[in-house]
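Colleague: For reference, the file model-v7.cif (mmCIF, C-alpha atoms) is included below:
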```
data_structure
#
loop_
_atom_site.label_atom_id
_atom_site.label_comp_id
_atom_site.auth_asym_id
_atom_site.auth_seq_id
_atom_site.Cartn_x
_atom_site.Cartn_y
_atom_site.Cartn_z
CA MET A 20 131.58 -33.39 -37.75
CA LYS A 21 131.35 -31.85 -41.20
CA GLN A 22 128.56 -34.29 -42.08
CA VAL A 23 126.30 -32.54 -39.55
CA TYR A 24 126.02 -29.63 -42.00
CA LEU A 25 124.61 -31.95 -44.67
CA ILE A 26 122.37 -33.87 -42.29
CA LEU A 27 120.81 -30.69 -40.93
CA ALA A 28 120.40 -29.31 -44.46
CA ALA A 29 118.58 -32.50 -45.47
CA LEU A 30 116.32 -32.36 -42.40
CA LEU A 31 115.42 -28.74 -43.20
CA LEU A 32 114.61 -29.61 -46.81
CA ILE A 33 112.39 -32.48 -45.68
CA CYS A 34 110.36 -29.83 -43.83
CA LEU A 35 109.12 -28.68 -47.26
CA ALA A 36 107.00 -31.83 -47.47
CA PRO A 37 103.82 -32.20 -45.44
CA MET A 38 105.06 -33.87 -42.27
CA PRO A 39 103.51 -34.50 -38.85
CA TYR A 40 103.82 -31.66 -36.35
CA TRP A 41 106.21 -33.63 -34.13
CA TYR A 42 108.74 -33.77 -36.99
CA TYR A 43 108.86 -29.97 -37.25
CA MET A 44 109.32 -29.70 -33.48
CA LEU A 45 112.07 -32.33 -33.55
CA VAL A 46 113.87 -30.43 -36.30
CA ARG A 47 113.52 -27.18 -34.33
CA PHE A 48 115.04 -28.73 -31.19
CA GLY A 49 117.82 -30.35 -33.19
CA ALA A 50 118.55 -27.23 -35.23
CA MET A 51 118.61 -25.07 -32.11
CA ALA A 52 121.12 -27.39 -30.43
CA VAL A 53 123.33 -27.77 -33.51
CA PHE A 54 123.31 -24.04 -34.30
CA ALA A 55 124.16 -23.22 -30.67
CA TYR A 56 127.09 -25.65 -30.83
CA PHE A 57 128.24 -24.19 -34.15
CA ALA A 58 128.01 -20.67 -32.66
CA TYR A 59 130.12 -21.70 -29.66
CA ASN A 60 132.62 -23.44 -31.92
CA HIS A 61 133.00 -20.44 -34.25
CA PHE A 62 133.31 -17.99 -31.36
CA THR A 63 136.13 -20.09 -29.89
CA LEU A 64 137.83 -20.07 -33.31
CA LYS A 65 137.55 -16.25 -33.37
CA GLU A 66 135.16 -16.38 -36.35
CA GLU A 67 132.67 -13.89 -34.93
CA GLY A 68 130.70 -13.42 -38.16
CA LEU A 69 129.76 -17.08 -38.41
CA GLY A 70 129.33 -17.23 -34.65
CA PHE A 71 126.71 -14.48 -34.68
CA MET A 72 125.00 -16.03 -37.71
CA PHE A 73 124.67 -19.40 -35.96
CA LEU A 74 123.60 -17.74 -32.71
CA SER A 75 120.85 -15.90 -34.60
CA LEU A 76 119.75 -19.12 -36.29
CA SER A 77 119.68 -20.86 -32.93
CA LEU A 78 117.36 -18.17 -31.59
CA LEU A 79 115.21 -18.28 -34.73
CA PHE A 80 114.73 -22.05 -34.59
CA GLN A 81 114.27 -22.33 -30.81
CA PRO A 82 110.90 -23.99 -30.05
CA PHE A 83 110.10 -22.35 -26.72
CA LEU A 84 108.99 -18.88 -27.84
CA LYS A 85 107.81 -19.69 -31.33
CA ILE A 86 108.28 -17.14 -34.07
CA ALA A 87 105.16 -17.33 -36.24
CA LEU A 88 106.39 -16.75 -39.78
CA GLY A 89 103.78 -18.80 -41.60
CA ARG A 90 104.40 -21.96 -43.56
CA THR A 91 105.49 -20.23 -46.78
CA LEU A 92 108.06 -18.01 -45.09
CA TRP A 93 109.38 -20.90 -42.99
CA ASN A 94 109.86 -22.88 -46.22
CA VAL A 95 111.90 -20.02 -47.68
CA VAL A 96 113.98 -19.81 -44.48
CA ASP A 97 114.53 -23.59 -44.51
CA VAL A 98 115.76 -23.55 -48.12
CA ILE A 99 118.07 -20.56 -47.58
CA VAL A 100 119.57 -22.06 -44.42
CA ALA A 101 120.00 -25.43 -46.13
CA ILE A 102 121.85 -23.76 -49.02
CA VAL A 103 124.11 -21.87 -46.59
CA LEU A 104 124.86 -25.10 -44.71
CA VAL A 105 125.81 -26.90 -47.93
CA ILE A 106 128.07 -23.99 -48.93
CA LEU A 107 129.76 -24.03 -45.52
CA TRP A 108 130.18 -27.81 -45.74
CA TYR A 109 131.79 -27.43 -49.17
CA ARG A 110 134.15 -24.72 -47.90
CA LYS A 111 135.25 -26.91 -44.96
CA ARG A 112 136.10 -29.88 -47.20
#
```
If you convert what's in this file into structure tokens, what do you get?
Modeller:
Amino acid sequence: MKQVYLILAALLLICLAPMPYWYYMLVRFGAMAVFAYFAYNHFTLKEEGLGFMFLSLSLLFQPFLKIALGRTLWNVVDVIVAIVLVILWYRKR
């Protein structure tokens, strides 16, 4: 399960390249689902800080009510979230 952190980080970094629109939507659906699962998992482990962080990320990446940040700001968000995911993966090793 720890590999999911790295896979999602890689998918977010691929979003920096010019990709078809369906790829961004696929990543948003996948990220929303994974972040919601991580939030649930951390809340059950009584790690509320990480739980709220992943819940917030799930809401940010949800594709239904899009948050229009612009391409540049989304790229910054993708890189920051990818770095955080890699750090969390490293800590869980």
Colleague: Would you kindly return, as a PDB file with C-alpha atoms, in the frame of the given file, each protein, DNA or RNA residue with an atom no farther than 10 Å from any atom of A:Leu27, considering all atoms listed in the file and excluding same-chain residues fewer than 2 positions away?
Modeller:
```
ATOM      1  CA  GLN A  22     128.560 -34.290 -42.080  1.00  0.00           C
ATOM      2  CA  VAL A  23     126.300 -32.540 -39.550  1.00  0.00           C
ATOM      3  CA  TYR A  24     126.020 -29.630 -42.000  1.00  0.00           C
ATOM      4  CA  LEU A  25     124.610 -31.950 -44.670  1.00  0.00           C
ATOM      5  CA  ALA A  29     118.580 -32.500 -45.470  1.00  0.00           C
ATOM      6  CA  LEU A  30     116.320 -32.360 -42.400  1.00  0.00           C
ATOM      7  CA  LEU A  31     115.420 -28.740 -43.200  1.00  0.00           C
ATOM      8  CA  LEU A  32     114.610 -29.610 -46.810  1.00  0.00           C
ATOM      9  CA  ILE A  33     112.390 -32.480 -45.680  1.00  0.00           C
ATOM     10  CA  VAL A  46     113.870 -30.430 -36.300  1.00  0.00           C
ATOM     11  CA  GLY A  49     117.820 -30.350 -33.190  1.00  0.00           C
ATOM     12  CA  ALA A  50     118.550 -27.230 -35.230  1.00  0.00           C
ATOM     13  CA  VAL A  53     123.330 -27.770 -33.510  1.00  0.00           C
ATOM     14  CA  PHE A  54     123.310 -24.040 -34.300  1.00  0.00           C
ATOM     15  CA  VAL A 100     119.570 -22.060 -44.420  1.00  0.00           C
ATOM     16  CA  ALA A 101     120.000 -25.430 -46.130  1.00  0.00           C
ATOM     17  CA  LEU A 104     124.860 -25.100 -44.710  1.00  0.00           C
ATOM     18  CA  VAL A 105     125.810 -26.900 -47.930  1.00  0.00           C
TER      19      VAL A 105
END
```
Colleague: Using Å and a single decimal, report how far atom CA of A:Ser75 sits from atom CA of A:Ala52.
Modeller: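 So the two atoms, atom CA of A:Ala52 and atom CA of A:Ser75, lie 12.2 Å apart.
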Colleague: Within 8 Å of stretch 76-90 of chain A, counting all atoms listed in the file, which residues show up once you throw out same-chain ones fewer than 2 positions away? Write them as a list in words, please.
Modeller: Met44, Arg47, Phe48, Ala50, Met51, Ala52, Val53, Phe54, Ala55, Met72, Phe73, Leu74, Leu92, Trp93 and Asn94 of chain A
Colleague: Could you work out how far atom CA of A:Leu64 lies from atom CA of A:Met20, giving the answer in Å with one decimal?
Modeller: 15.4 Å
Colleague: How many Å separate atom CA of A:Thr91 from atom CA of A:Ile26?
Modeller: 22.2 Å
Colleague: Determine the nearest neighbour of A:Asp97 from the options A:Thr63, A:Lys21, A:Gly68, A:Ala36, counting all atoms listed in the file.
Modeller: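 For A:Asp97, the nearest of the candidates is A:Ala36.
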